[in-house]
Amino acid sequence: MLMGNPLPTQERPHGSNSEFPWDDFDSRFYYDHNYRDLRQDDQKIVESVRDFFSELHENGEIDGRLQGLDVGSGANLYPTFTMLPLCRSITMWEYAASNVEWLERQIPRFGPSWDSFWGLLADDPLYGALEDPRQALADRASVTHDSIFNLPTQQWDIGTMFFVAESLTSEVDEFHTATRSFLQALRPGAPFAAAFMENSTGYLVGDRRFPAVAVSTDDIAECLDGYCSDSPLITRIELDDKPLRDGYSGMILAIGKSNGRKAI
């Protein structure tokens, strides 16, 4: 998720992913601003993804021995939480060195602010049956320090990517490449959840400016077209009562199954 004050049009950051100082990303600022408390919009996302994955498990479409992937984890643990009872291992694929260090401190025993996120998941029996989520995360999660553009194809059974592809560049083609790189990393039929900031104009993390591509539900549908085994469910989530910042109009959640399509 993103934060900061709105940027005037002439000051909005433009450029490709490689032009920005990702290793200087202020993980602590990001976490404090976004995840110290559970927000209404995050709650809606968590509930939707929880219900989607849980239904697939209840129907026998997935089991509890999957290999999971969370792309661009940043300073956010809840996407990984949504896969935790379903996976024997979860790879948290992260590019910024500062975020890698933050994750490596959290994985052995995550902080108490995350209990409200887990509590929301644990309302479902699949998640509630996991007696010690802290130990489960420590045992099953690991961090890979690498770029979204270097993901191998068809390696994982389930995946999440939250507020990443539209928030790493101002170039539309690069946004498409990043999103499809995530989907191509999943095996055919693998369920996924991906979230996006709607109409983001760029953002500040601490005193650093980072880029964004302004996307709508139609843009997400176009980007996912041909990369899913059936039609994904794309939902627009209204702004929280207290928006994170100016310069975006809501959030978008896409859930579905990858068809494992490889880049041509």
# chains A, B, ... in the order shown; residues from 1 in each chain; ligands from 1
>>> closest_atom_pairs(of="region 95-190 of chain A", to="region 20-39 of chain A", cutoff="6 Å", atoms="only C-alpha atoms", output="CSV")
residue,atom,partner,partner_atom,distance
A:Ala96,CA,A:Asp23,CA,4.6
A:Ala97,CA,A:Asp23,CA,4.9
A:Ser98,CA,A:Asp23,CA,5.6
A:Asn99,CA,A:Ser27,CA,5.7
A:Ser113,CA,A:Arg36,CA,5.5
>>> write_last_selection(atoms="N, CA, C and O atoms", output="compact mmCIF listing (two decimals), in the first residue's frame")
# COMPACT_ATOMS: atom_id res chain seq x y z
N ALA A 96 13.50 -4.64 -2.92
CA ALA A 96 14.16 -3.60 -2.14
C ALA A 96 14.93 -4.20 -0.97
O ALA A 96 14.36 -4.95 -0.16
N ALA A 97 16.21 -3.86 -0.85
CA ALA A 97 17.03 -4.42 0.22
C ALA A 97 16.48 -4.07 1.60
O ALA A 97 16.51 -4.88 2.52
N SER A 98 15.96 -2.86 1.75
CA SER A 98 15.40 -2.44 3.03
C SER A 98 14.20 -3.30 3.41
O SER A 98 14.02 -3.67 4.59
N ASN A 99 13.37 -3.64 2.44
CA ASN A 99 12.21 -4.49 2.71
C ASN A 99 12.63 -5.93 3.02
O ASN A 99 12.01 -6.60 3.86
N SER A 113 0.98 -6.09 16.17
CA SER A 113 -0.02 -5.37 15.37
C SER A 113 -0.65 -6.28 14.31
O SER A 113 -1.76 -6.02 13.84
>>> select_by_dssp(residues="region 82-255 of chain A", states="strand (DSSP E)", output="NGL selection string")
:A and (87-94 or 141-145 or 158-162 or 191-198 or 203-205 or 208-210 or 233-237 or 250-255)
>>> closest_residue(among="A:Glu47, A:Asp132, A:Glu55, A:Asp70", to="Phe182 (chain A)", atoms="only C-alpha atoms")
A:Asp70
>>> closest_residue(among="A:Ile45, A:Val143, A:Leu244, A:Ala129", to="Glu101 (chain A)", atoms="only C-alpha atoms")
A:Val143
>>> atom_distance(atom1="CA of Asp146 (chain A)", atom2="CA of Glu104 (chain A)")
14.4 Å
>>> atom_distance(atom1="CA of Leu121 (chain A)", atom2="CA of Thr144 (chain A)")
25.2 Å
>>> closest_atom_pairs(of="region 109-163 of chain A", to="region 194-197 of chain A", cutoff="12 Å", atoms="only C-alpha atoms", output="CSV")
residue,atom,partner,partner_atom,distance
A:Ile158,CA,A:Ala194,CA,11.4
A:Gly159,CA,A:Ala194,CA,8.4
A:Thr160,CA,A:Ala194,CA,5.6
A:Met161,CA,A:Ala194,CA,4.7
A:Phe162,CA,A:Ala195,CA,4.5
A:Phe163,CA,A:Phe196,CA,4.7
>>> residues_around(residues="Leu168 (chain A)", least_positions_apart="5", cutoff="7 Å", atoms="only C-alpha atoms", output="ChimeraX atom specification")
/A:17,211-212
>>> decode(residues="region 153-200 of chain A", atoms="N, CA and C atoms", output="short mmCIF file (atom, residue, chain, number, x, y, z; two decimals), in the first residue's frame")
data_model
loop_
_atom_site.label_atom_id
_atom_site.label_comp_id
_atom_site.auth_asym_id
_atom_site.auth_seq_id
_atom_site.Cartn_x
_atom_site.Cartn_y
_atom_site.Cartn_z
N THR A 153 9.14 -19.28 -14.45
CA THR A 153 7.78 -19.60 -14.86
C THR A 153 7.31 -20.93 -14.27
N GLN A 154 6.02 -20.97 -13.95
CA GLN A 154 5.33 -22.19 -13.53
C GLN A 154 6.03 -22.92 -12.38
N GLN A 155 6.33 -22.18 -11.32
CA GLN A 155 7.05 -22.76 -10.19
C GLN A 155 6.20 -22.88 -8.92
N TRP A 156 5.07 -22.16 -8.82
CA TRP A 156 4.33 -22.11 -7.57
C TRP A 156 2.87 -22.51 -7.78
N ASP A 157 2.25 -22.98 -6.67
CA ASP A 157 0.89 -23.53 -6.71
C ASP A 157 -0.19 -22.54 -6.32
N ILE A 158 0.18 -21.43 -5.71
CA ILE A 158 -0.76 -20.41 -5.25
C ILE A 158 0.04 -19.12 -5.09
N GLY A 159 -0.61 -17.96 -5.32
CA GLY A 159 0.17 -16.73 -5.27
C GLY A 159 -0.64 -15.50 -4.91
N THR A 160 0.06 -14.52 -4.36
CA THR A 160 -0.50 -13.21 -4.06
C THR A 160 0.46 -12.13 -4.53
N MET A 161 -0.10 -10.99 -4.90
CA MET A 161 0.68 -9.81 -5.28
C MET A 161 -0.16 -8.58 -4.96
N PHE A 162 0.21 -7.85 -3.93
CA PHE A 162 -0.62 -6.75 -3.45
C PHE A 162 0.09 -5.41 -3.61
N PHE A 163 -0.52 -4.52 -4.42
CA PHE A 163 -0.07 -3.14 -4.57
C PHE A 163 1.38 -3.06 -5.04
N VAL A 164 1.68 -3.82 -6.08
CA VAL A 164 3.06 -3.93 -6.55
C VAL A 164 3.20 -3.46 -8.00
N ALA A 165 2.55 -4.15 -8.93
CA ALA A 165 2.83 -3.94 -10.36
C ALA A 165 2.53 -2.52 -10.81
N GLU A 166 1.49 -1.90 -10.25
CA GLU A 166 1.13 -0.53 -10.64
C GLU A 166 1.93 0.50 -9.86
N SER A 167 2.75 0.05 -8.91
CA SER A 167 3.44 0.96 -8.00
C SER A 167 4.96 0.86 -8.11
N LEU A 168 5.46 0.35 -9.25
CA LEU A 168 6.89 0.21 -9.42
C LEU A 168 7.41 0.93 -10.67
N THR A 169 6.52 1.59 -11.40
CA THR A 169 6.88 2.24 -12.65
C THR A 169 5.78 3.23 -13.02
N SER A 170 6.09 4.13 -13.94
CA SER A 170 5.03 4.96 -14.52
C SER A 170 4.73 4.54 -15.95
N GLU A 171 5.38 3.47 -16.41
CA GLU A 171 5.23 3.01 -17.78
C GLU A 171 4.21 1.87 -17.86
N VAL A 172 3.19 2.06 -18.67
CA VAL A 172 2.09 1.09 -18.76
C VAL A 172 2.59 -0.28 -19.21
N ASP A 173 3.48 -0.32 -20.19
CA ASP A 173 3.97 -1.60 -20.69
C ASP A 173 4.70 -2.36 -19.59
N GLU A 174 5.42 -1.63 -18.75
CA GLU A 174 6.15 -2.29 -17.67
C GLU A 174 5.19 -2.81 -16.60
N PHE A 175 4.11 -2.09 -16.36
CA PHE A 175 3.06 -2.58 -15.48
C PHE A 175 2.49 -3.90 -15.99
N HIS A 176 2.20 -3.97 -17.29
CA HIS A 176 1.68 -5.21 -17.88
C HIS A 176 2.68 -6.34 -17.72
N THR A 177 3.94 -6.06 -18.01
CA THR A 177 4.97 -7.09 -17.90
C THR A 177 5.08 -7.62 -16.48
N ALA A 178 5.05 -6.71 -15.50
CA ALA A 178 5.17 -7.12 -14.10
C ALA A 178 3.99 -7.99 -13.68
N THR A 179 2.79 -7.58 -14.03
CA THR A 179 1.60 -8.36 -13.66
C THR A 179 1.63 -9.74 -14.29
N ARG A 180 1.98 -9.80 -15.53
CA ARG A 180 1.99 -11.08 -16.23
C ARG A 180 3.16 -11.95 -15.78
N SER A 181 4.25 -11.34 -15.36
CA SER A 181 5.36 -12.11 -14.80
C SER A 181 4.91 -12.86 -13.55
N PHE A 182 4.10 -12.19 -12.73
CA PHE A 182 3.54 -12.84 -11.55
C PHE A 182 2.66 -14.02 -11.95
N LEU A 183 1.75 -13.83 -12.88
CA LEU A 183 0.84 -14.89 -13.28
C LEU A 183 1.58 -16.06 -13.94
N GLN A 184 2.62 -15.75 -14.70
CA GLN A 184 3.39 -16.80 -15.38
C GLN A 184 4.24 -17.61 -14.41
N ALA A 185 4.48 -17.06 -13.22
CA ALA A 185 5.25 -17.79 -12.21
C ALA A 185 4.43 -18.90 -11.57
N LEU A 186 3.11 -18.88 -11.78
CA LEU A 186 2.21 -19.87 -11.18
C LEU A 186 1.95 -21.03 -12.14
N ARG A 187 1.76 -22.18 -11.58
CA ARG A 187 1.45 -23.35 -12.39
C ARG A 187 0.03 -23.26 -12.93
N PRO A 188 -0.28 -23.96 -14.01
CA PRO A 188 -1.63 -23.93 -14.55
C PRO A 188 -2.67 -24.32 -13.50
N GLY A 189 -3.70 -23.50 -13.37
CA GLY A 189 -4.76 -23.75 -12.40
C GLY A 189 -4.49 -23.21 -11.02
N ALA A 190 -3.34 -22.61 -10.81
CA ALA A 190 -3.00 -22.08 -9.48
C ALA A 190 -3.87 -20.87 -9.13
N PRO A 191 -4.50 -20.86 -7.96
CA PRO A 191 -5.29 -19.69 -7.57
C PRO A 191 -4.38 -18.52 -7.19
N PHE A 192 -4.90 -17.32 -7.42
CA PHE A 192 -4.13 -16.12 -7.09
C PHE A 192 -5.05 -15.03 -6.59
N ALA A 193 -4.47 -14.09 -5.88
CA ALA A 193 -5.13 -12.85 -5.51
C ALA A 193 -4.15 -11.72 -5.76
N ALA A 194 -4.62 -10.68 -6.44
CA ALA A 194 -3.78 -9.52 -6.74
C ALA A 194 -4.57 -8.25 -6.45
N ALA A 195 -3.94 -7.31 -5.77
CA ALA A 195 -4.61 -6.05 -5.43
C ALA A 195 -3.84 -4.88 -6.02
N PHE A 196 -4.58 -3.83 -6.36
CA PHE A 196 -4.01 -2.67 -7.05
C PHE A 196 -4.61 -1.39 -6.47
N MET A 197 -3.81 -0.33 -6.43
CA MET A 197 -4.33 0.99 -6.13
C MET A 197 -4.99 1.54 -7.39
N GLU A 198 -6.19 2.06 -7.27
CA GLU A 198 -6.92 2.58 -8.41
C GLU A 198 -6.54 4.04 -8.66
N ASN A 199 -6.17 4.34 -9.91
CA ASN A 199 -5.87 5.71 -10.35
C ASN A 199 -4.82 6.39 -9.48
N SER A 200 -3.79 5.65 -9.12
CA SER A 200 -2.70 6.22 -8.33
C SER A 200 -1.86 7.18 -9.16
#
